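**Q** Can you keep this structure in mind? I'll have questions shortly.
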Amino acid sequence: MKQVFEGVKIADFSWVAVGPQISRELAEHGAMVVRVECHKNPDPIRTMAPFRDNITTVDRSAFGAAYNTGKYGISLDLNKPKAQDIAKRLVKWADIVQESYTPGTMAKWGLDYENCRKINPEIIYLSTCQHGQYGPFSKLPGFGAFSSIMGGYSSITGWPDRDPAVLWNNFTDFIAPEYAVMALIGALAYRERTGRGMYIEESQLEAALSFLGPAILDYTANGRVAKRRGNRDIYMVPHGVYRCRGDDYWAAIAVSSEEEWQSFCKVLGDPQWTNDPKFSSFASRKENEDELDVLVAAWTVNYTAQRVMTTMQAKGVPAGVVEKAQEVLDDPQLRHREHFRFLEHKTIGKMPLHSPAYKLSKTPCHMWKAPPCLGEDNLFVYKEVLGLSEDAISDLIVEGVITTEADVPEFLKGKD
């Protein structure tokens with residue numbers, strides 16, 4: 001079946017998490033993405049655990065592979081003038097150029113938007129970085145952890161009596177890509193109507209702030225500064241994660257109305273304490289929330305997390321199991337929706353990969369190509385896509401323009 005982005009060509013100069021996720025969304029729906037990397041300075045995400053068999057090489061990081069499904073991978077040292085000339089041929093071929101470096105990096109190589117649109121006047125060019133391309137913090141490099149901190153997420157994450165917490169897995173890295181994908185779709189539609197390209201620049205921090213809208217509005221309207229509340233919620237009680245039977249098993253419960261509270265009490269068997277005036281209304285339950293949490297936990301600890309969830313849900317009370325990694329992979333709902341797709345990676349072997357959480361009815365996601373090893377598709381791209389001869393490719397390898405495994409830093413050469 002034809003894919004929605006079939007025929008769209010992307011030259012992907014981005015790295016780490018945000019940029020690669022953007023092009024992955026399009027690749028999984030038919031776009032041809034050529035990802036440009038370098039063995040001498042590998043994408044940092046290729047250096048992050050977990051590694052297959054705990055052997056640290058650039059091609060054994062499952063984390064690094066996860067964001068590059070469906071792409072073609074080439075290696076190129078952009079610090080060399082000949083490499084910059086090859087990159088410009090790639091720009092000429094592409095419909096979209098995307099990059100996620102610190103502002104000024106692409107210009108250093110002659111690959112900024114102004115230069116690229118001279119090569120390809122219809123090019124759509126996306127720049128995404130921490131703080132955007134201009135302003136006092138624009139040159140400040142970093143990862144999603146920094147955006148989470150500077151955006152205010154950490155100040156409201158954690159327990160009231162403890163220090164701020166860094167959100168797991170650089171939370172903002174999973175917000176910014178979706179905004180960029182929507183912008184690229186709009187740019188493609190605009191170019192189809194007008195024949196004109198577009199420059200898109202994204203501040204990942206600004207994209208992330210939209211998820212803090214209520215807290216920002218509350219401060220703007222009422223002067224209230226959001227505080228750390230642990231697992232509690234302003235509008236729900238009980239609201240928390242409670243220990244269940246077994247080793248490190250937990251379930252979340254969230255009661256948001258009087259009707260749900262009554263159902264919650266019935267699930268517990270209407271113990272005497274549920275009739276205590278301290279728990280007779282939302283306001284009183286909030287006032288005595290510490291005591292209430294202890295009583296709830298005293299009940300949940302007697303049952304498996306699965307039973308807590310199913311019995312609560314059966315009575316209309318929102319509840320869920322805190323799943324571990326293996327349980328997520330085996331989750332029946334995710335299996336039913338074919339969320340995890342298994343592909344054969346060249347060095348990692350058969351590995352589960354996330355498919356999009358959305359399904360397009362006429363052009364569903366087609367995941368057919370495993371994430372590439374660094375430079376895996378050099379011959380195909382340089383010869384078949386860019387038209388270089390095999391002799392020319394060999395010369396570029398000898399000159400170090402096209403990098404090889406021999407250029408990888410020592411600490412990433414397969415030590416356990």
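Just so we're on the same page: first chain in the structure tokens is A, next is B, and so on; residues restart at 1 for each chain, and ligands are numbered from 1 in the order they show up.
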Based on the backbone DSSP call, show me all residues of stretch 29-94 of chain A assigned alpha helix (DSSP H), as a list in words.
**A**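 Filtering stretch 29-94 of chain A down to alpha helix (DSSP H) leaves Ala62, Phe63, Gly64, Ala65, Pro81, Lys82, Ala83, Gln84, Asp85, Ile86, Ala87, Lys88, Arg89, Leu90, Val91, Lys92 and Trp93 of chain A.
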**Q** Set out as a tab-separated table a contact list for stretch 105-155 of chain A and stretch 173-188 of chain A with a cut-off of 8 Å, giving each residue of stretch 105-155 of chain A that qualifies its closest atom pair and distance in Å to one decimal, counting only C-alpha atoms, ordered by chain and rising residue number.
**A**
```
residue	atom	partner	partner_atom	distance
A:Ile124	CA	A:Ala187	CA	6.9
A:Leu126	CA	A:Leu184	CA	7.8
A:Gly144	CA	A:Asp173	CA	5.3
```
**Q** Using N, CA and C atoms, can you export the residues from the last selection as a JSON list (two decimals), in the first residue's frame?
**A**
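The result, stored in selection-v1.json:
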```json
[["chain", "number", "residue", "atom", "x", "y", "z"],
["A", 124, "ILE", "N", 12.69, 22.63, 2.01],
["A", 124, "ILE", "CA", 12.09, 22.86, 3.33],
["A", 124, "ILE", "C", 13.19, 22.56, 4.35],
["A", 126, "LEU", "N", 14.45, 22.51, 8.32],
["A", 126, "LEU", "CA", 14.05, 22.52, 9.73],
["A", 126, "LEU", "C", 15.27, 22.56, 10.64],
["A", 144, "GLY", "N", 17.66, 17.20, 26.60],
["A", 144, "GLY", "CA", 16.31, 17.41, 27.10],
["A", 144, "GLY", "C", 16.24, 17.60, 28.61]]
```
**Q** Tell me which of A:Glu287, A:Ala370, A:Leu78, A:Ala49 sits closest to A:Glu37, counting only C-alpha atoms.
**A**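 Of A:Glu287, A:Ala370, A:Leu78, A:Ala49, the one nearest A:Glu37 is A:Leu78, counting only C-alpha atoms.
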**Q** Could you name the residues that touch A:Pro42 at 9 Å or less, counting only C-alpha atoms, but leaving out those on the same chain fewer than 5 positions away, as a list in words?
**A** Glu37, Thr47, Val58, Leu374, Val408 and Pro409 of chain A
**Q** Take the residues that were just selected and, keeping C-alpha atoms, output them as a CSV table (one decimal), in the first residue's frame.
**A**
```csv
chain,number,residue,atom,x,y,z
A,37,GLU,CA,26.7,10.7,10.8
A,47,THR,CA,27.1,5.9,23.2
A,58,VAL,CA,28.4,2.5,18.3
A,374,LEU,CA,26.8,3.8,11.3
A,408,VAL,CA,35.7,5.4,16.0
A,409,PRO,CA,37.2,6.6,19.3
```
**Q** Step one, run DSSP on the backbone; step two, keep only residues of stretch 158-358 of chain A assigned to strand (DSSP E or B); then write them as JSON, numbers by chain.
**A** {"A": [198, 199, 200, 201, 202, 203, 233, 236, 239, 240, 241, 242, 243, 250, 251, 252, 253, 254, 319, 320, 321, 340, 341, 342, 343, 344, 345, 349, 350, 351, 352, 353, 354]}
**Q** Would you output that residue set with N, CA and C atoms, as a CSV table (one decimal), in the first residue's frame?
**A**
```
chain,number,residue,atom,x,y,z
A,198,MET,N,10.5,26.5,2.6
A,198,MET,CA,10.2,27.2,3.9
A,198,MET,C,11.3,26.9,4.8
A,199,TYR,N,11.6,27.9,5.7
A,199,TYR,CA,12.5,27.7,6.8
A,199,TYR,C,11.7,27.6,8.1
A,200,ILE,N,11.9,26.5,8.9
A,200,ILE,CA,11.2,26.3,10.1
A,200,ILE,C,12.3,26.2,11.2
A,201,GLU,N,12.1,27.0,12.3
A,201,GLU,CA,13.0,26.8,13.4
A,201,GLU,C,12.2,26.6,14.7
A,202,GLU,N,12.7,25.6,15.4
A,202,GLU,CA,11.9,25.2,16.6
A,202,GLU,C,12.8,25.4,17.9
A,203,SER,N,12.2,26.0,18.9
A,203,SER,CA,12.8,26.0,20.2
A,203,SER,C,12.2,24.8,21.0
A,233,ASP,N,-2.7,15.0,43.5
A,233,ASP,CA,-3.3,15.8,42.5
A,233,ASP,C,-4.3,16.8,43.2
A,236,MET,N,-8.1,15.4,42.9
A,236,MET,CA,-8.4,14.0,43.1
A,236,MET,C,-7.8,13.5,44.4
A,239,HIS,N,-5.2,9.8,45.5
A,239,HIS,CA,-4.5,9.8,44.2
A,239,HIS,C,-3.1,9.5,44.5
A,240,GLY,N,-2.7,8.3,44.1
A,240,GLY,CA,-1.3,7.9,44.4
A,240,GLY,C,-0.9,6.6,43.8
A,241,VAL,N,0.3,6.1,44.1
A,241,VAL,CA,0.8,4.8,43.6
A,241,VAL,C,1.0,4.0,44.9
A,242,TYR,N,0.4,2.9,45.0
A,242,TYR,CA,0.3,2.2,46.3
A,242,TYR,C,1.0,0.8,46.1
A,243,ARG,N,1.8,0.4,47.2
A,243,ARG,CA,2.4,-0.9,47.1
A,243,ARG,C,1.4,-2.0,47.1
A,250,TRP,N,3.3,-2.3,42.3
A,250,TRP,CA,2.6,-1.2,42.7
A,250,TRP,C,1.4,-1.0,41.7
A,251,ALA,N,0.4,-0.2,42.2
A,251,ALA,CA,-0.8,0.1,41.4
A,251,ALA,C,-1.1,1.6,41.7
A,252,ALA,N,-1.6,2.3,40.6
A,252,ALA,CA,-2.0,3.7,40.7
A,252,ALA,C,-3.5,3.7,40.9
A,253,ILE,N,-4.0,4.6,41.7
A,253,ILE,CA,-5.5,4.7,41.9
A,253,ILE,C,-5.7,6.2,41.9
A,254,ALA,N,-6.8,6.6,41.2
A,254,ALA,CA,-7.2,8.1,41.1
A,254,ALA,C,-8.7,8.2,41.3
A,319,ALA,N,-7.8,3.0,37.7
A,319,ALA,CA,-6.6,2.3,38.4
A,319,ALA,C,-5.8,1.7,37.3
A,320,GLY,N,-4.5,1.5,37.6
A,320,GLY,CA,-3.6,0.9,36.6
A,320,GLY,C,-2.4,0.3,37.3
A,321,VAL,N,-1.8,-0.8,36.7
A,321,VAL,CA,-0.6,-1.4,37.2
A,321,VAL,C,0.6,-0.6,36.8
A,340,PHE,N,4.6,-2.9,19.4
A,340,PHE,CA,6.0,-3.3,19.2
A,340,PHE,C,6.2,-4.1,17.9
A,341,ARG,N,7.1,-3.6,17.1
A,341,ARG,CA,7.4,-4.4,15.8
A,341,ARG,C,8.8,-4.9,16.0
A,342,PHE,N,9.0,-6.1,15.6
A,342,PHE,CA,10.4,-6.7,15.7
A,342,PHE,C,11.1,-6.8,14.4
A,343,LEU,N,12.2,-6.2,14.4
A,343,LEU,CA,13.1,-6.1,13.2
A,343,LEU,C,14.5,-6.7,13.5
A,344,GLU,N,15.1,-7.1,12.5
A,344,GLU,CA,16.5,-7.7,12.6
A,344,GLU,C,17.5,-6.7,12.4
A,345,HIS,N,18.1,-6.2,13.5
A,345,HIS,CA,19.2,-5.3,13.4
A,345,HIS,C,20.5,-6.0,13.1
A,349,GLY,N,20.6,-7.8,16.5
A,349,GLY,CA,19.8,-8.9,16.2
A,349,GLY,C,18.3,-8.5,16.3
A,350,LYS,N,17.4,-9.5,16.5
A,350,LYS,CA,16.0,-9.2,16.6
A,350,LYS,C,15.7,-8.3,17.8
A,351,MET,N,15.1,-7.1,17.5
A,351,MET,CA,14.8,-6.2,18.6
A,351,MET,C,13.5,-5.6,18.5
A,352,PRO,N,12.8,-5.3,19.6
A,352,PRO,CA,11.5,-4.6,19.5
A,352,PRO,C,11.6,-3.1,19.3
A,353,LEU,N,10.8,-2.6,18.5
A,353,LEU,CA,10.9,-1.1,18.1
A,353,LEU,C,9.4,-0.6,18.2
A,354,HIS,N,9.3,0.7,18.8
A,354,HIS,CA,8.0,1.3,18.9
A,354,HIS,C,7.5,1.6,17.5
```
**Q** What separation in Å, quoted to one decimal, exists between atom CA of A:Pro160 and atom CA of A:Glu323?
**A**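 Separation of atom CA of A:Pro160 and atom CA of A:Glu323: 25.2 Å.
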**Q** In terms of the shortest atom-to-atom distance over only C-alpha atoms, which of A:Asn231, A:Asn222, A:Asn54, A:Asn378 is closest to A:Ser394?
**A**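 Checking each of A:Asn231, A:Asn222, A:Asn54, A:Asn378 against A:Ser394, counting only C-alpha atoms, the winner is A:Asn378.
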